[in-house]
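Participant: Sharing a structure here in structure tokens format.
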Amino acid sequence: MDSKVILRGQNLRREFSSGDTTVTAVKNCTVEIAAHEFVAIVGKSGSGKSTLVNLLSGLDVPTSGTVTLLGKDLSTLSEKELAGLRARHIGFVLQKDNLVPSLTIEENVAAPLVMGGTRLSVALRRARATLDDVGLGHRADRWPSEVSDGEAQRAAVARACAGSPAVVFADEPTGALDEENGKRVREIFRRLTAEHGAAGVIITHDMDLADEADIIITISNGETTGRVDRRT
Ligand code: ADP
Ligand code: MG
């Protein structure tokens, strides 16, 4: 195994059954992601992108196949071990990310760190530094209801990155944003993955966002159909 590979999905398959119908959302998917890589997963709506990312991030369990994060086969872990591994090493940004309305922007970014066992004062300091990184230091003490959609999405990116995870996943992070805010989120993601050393895995329809990535993986009908490394 290539020692730089931090996340690997091997022969992944995910079926959803209800009654007597079975939908195969993902099949024959093998994906490897190394430290520092910025990967875009691109495919039409319904092609299996979210299902694949849910499997890779340990949110969902494959029908068959294995996911290995930092050398650990996720299927061998207890629920508690898996939750701990995810909390320490995985960040996740959702399309319409939900900040907790009763916490300030800074507290929202600090919350996952505190839940992971970091002391409050340390977590708040790190949250502030990450907010500075995404250009939101001046919004740290605002409530989520007081910031724009673009700012809320940048705060969600900061929240996913504040713990310096090994991998940051983002499912359509610019999907709900206008062009200007989409551009800012792209730049932030690019910079955070480059400077913080995390791998970034982004699901997107947005070709401008995919164009920033080092590696583009295409998916169609649940199967990966191509992988282009644009650095070579
Ligand atoms: P994408 O993110 O590319 O739009 P998804 O991974 O959400 O695609 O979905 C892939 C396919 O799997 C679709 O046909 C979808 O309807 C189906 N699917 C996804 N999640 C479920 C589920 N929980 N139950 C049943 N079918 C699902
Ligand atoms: Mg999706």
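Ordering of the structure tokens sets the chain letters (A, B, ...), residue numbers begin anew at 1 in every chain, and ligands are numbered from 1 in the order given.
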Which residues form the shell of 10 Å around ligand 1 when you count only C-alpha atoms and all ligand atoms, given as a PyMOL selection string?

Facilitator: chain A and resi 14-18+21-26+41-54+60+171-172+203-205+219-222

Participant: Using only C-alpha atoms, which protein or nucleic acid residues come within 8 Å of segment 144-154 of chain A? Drop anything in the same chain fewer than 3 positions from it, and give the result as number ranges by chain.

Facilitator: A: 96-97, 99-101, 103-105, 134, 136, 139, 157-158, 173, 177, 181-182, 185, 188

Participant: Between A:Thr130, A:Ser75, A:Ser164, A:Thr118, which has the minimum distance to His89 of chain A (counting only C-alpha atoms)?

Facilitator: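 The closest residue to His89 of chain A is A:Ser164.
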
Participant: Which residues are near Ala160 of chain A? Cut-off 7 Å, only C-alpha atoms, ignore same chain within fewer than 5 positions. Put them as a PDB file with N, CA, C and O atoms, in the first residue's frame.

Facilitator:
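Saved result, around_24.pdb, follows:
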ATOM      1  N   GLY A  91     -13.624  15.811   8.832  1.00  0.00           N
ATOM      2  CA  GLY A  91     -14.474  17.003   8.878  1.00  0.00           C
ATOM      3  C   GLY A  91     -15.501  16.896   7.766  1.00  0.00           C
ATOM      4  O   GLY A  91     -15.224  16.306   6.725  1.00  0.00           O
ATOM      5  N   PHE A  92     -16.685  17.446   7.995  1.00  0.00           N
ATOM      6  CA  PHE A  92     -17.749  17.305   7.008  1.00  0.00           C
ATOM      7  C   PHE A  92     -18.495  18.625   6.843  1.00  0.00           C
ATOM      8  O   PHE A  92     -18.927  19.223   7.819  1.00  0.00           O
ATOM      9  N   VAL A  93     -18.631  19.073   5.601  1.00  0.00           N
ATOM     10  CA  VAL A  93     -19.415  20.274   5.302  1.00  0.00           C
ATOM     11  C   VAL A  93     -20.614  19.850   4.460  1.00  0.00           C
ATOM     12  O   VAL A  93     -20.436  19.227   3.416  1.00  0.00           O
ATOM     13  N   VAL A 168     -11.246  16.298   4.862  1.00  0.00           N
ATOM     14  CA  VAL A 168     -12.437  17.135   4.952  1.00  0.00           C
ATOM     15  C   VAL A 168     -13.332  16.814   3.752  1.00  0.00           C
ATOM     16  O   VAL A 168     -12.891  16.928   2.605  1.00  0.00           O
TER      17      VAL A 168
END

Participant: When you count only C-alpha atoms and all ligand atoms, which of these residues is closest to ligand 2: A:Leu120, A:Ala87, A:Ile202, A:Val109?

Facilitator: A:Ile202

Participant: Expressed in Å to a single decimal, how great is the separation between atom CA of Pro165 of chain A and atom CA of Val114 of chain A?

Facilitator: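 Separation of atom CA of Pro165 of chain A and atom CA of Val114 of chain A: 14.5 Å.
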
Participant: How would you write, as a ChimeraX atom specification, the set of residues in segment 111-185 of chain A that DSSP gives as strand (DSSP E)?

Facilitator: /A:167-171

Participant: So the first atom is atom 1 (Mg, counted along the ligand's line) of ligand 2 and the second is atom CA of Ala170 of chain A; what is the distance between them in Å, to one decimal place?

Facilitator: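 Computed distance, atom 1 (Mg, counted along the ligand's line) of ligand 2 to atom CA of Ala170 of chain A, equals 10.5 Å.
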
Participant: Quick one: of A:Ala166, A:Met207, A:Leu94, A:Met115, who's nearest to ligand 2, counting only C-alpha atoms and all ligand atoms?

Facilitator: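 The answer is A:Leu94, which sits nearest to ligand 2.
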
Participant: If we count only C-alpha atoms and set the cut-off at 6 Å, which residues sit around Thr30 of chain A, ignoring sequence neighbours fewer than 3 positions away in its own chain? Please answer as a ChimeraX atom specification.

Facilitator: /A:9-11

Participant: How far is it from atom CA of Ser78 of chain A to atom CA of Phe169 of chain A, in Å with one decimal?

Facilitator: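 Result for atom CA of Ser78 of chain A versus atom CA of Phe169 of chain A: 22.3 Å, one decimal.
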
Participant: Based on the backbone DSSP call, show me all residues of segment 39-153 of chain A assigned alpha helix (DSSP H), as a VMD selection string.

Facilitator: chain A and resid 49 to 56 79 to 89 105 to 115 120 to 133 149 to 153

Participant: Which residues are near Gly58 of chain A? Cut-off 9 Å, only C-alpha atoms, ignore same chain within fewer than 5 positions. Put them as a PyMOL selection string.

Facilitator: chain A and resi 53+67+74+82-83+86
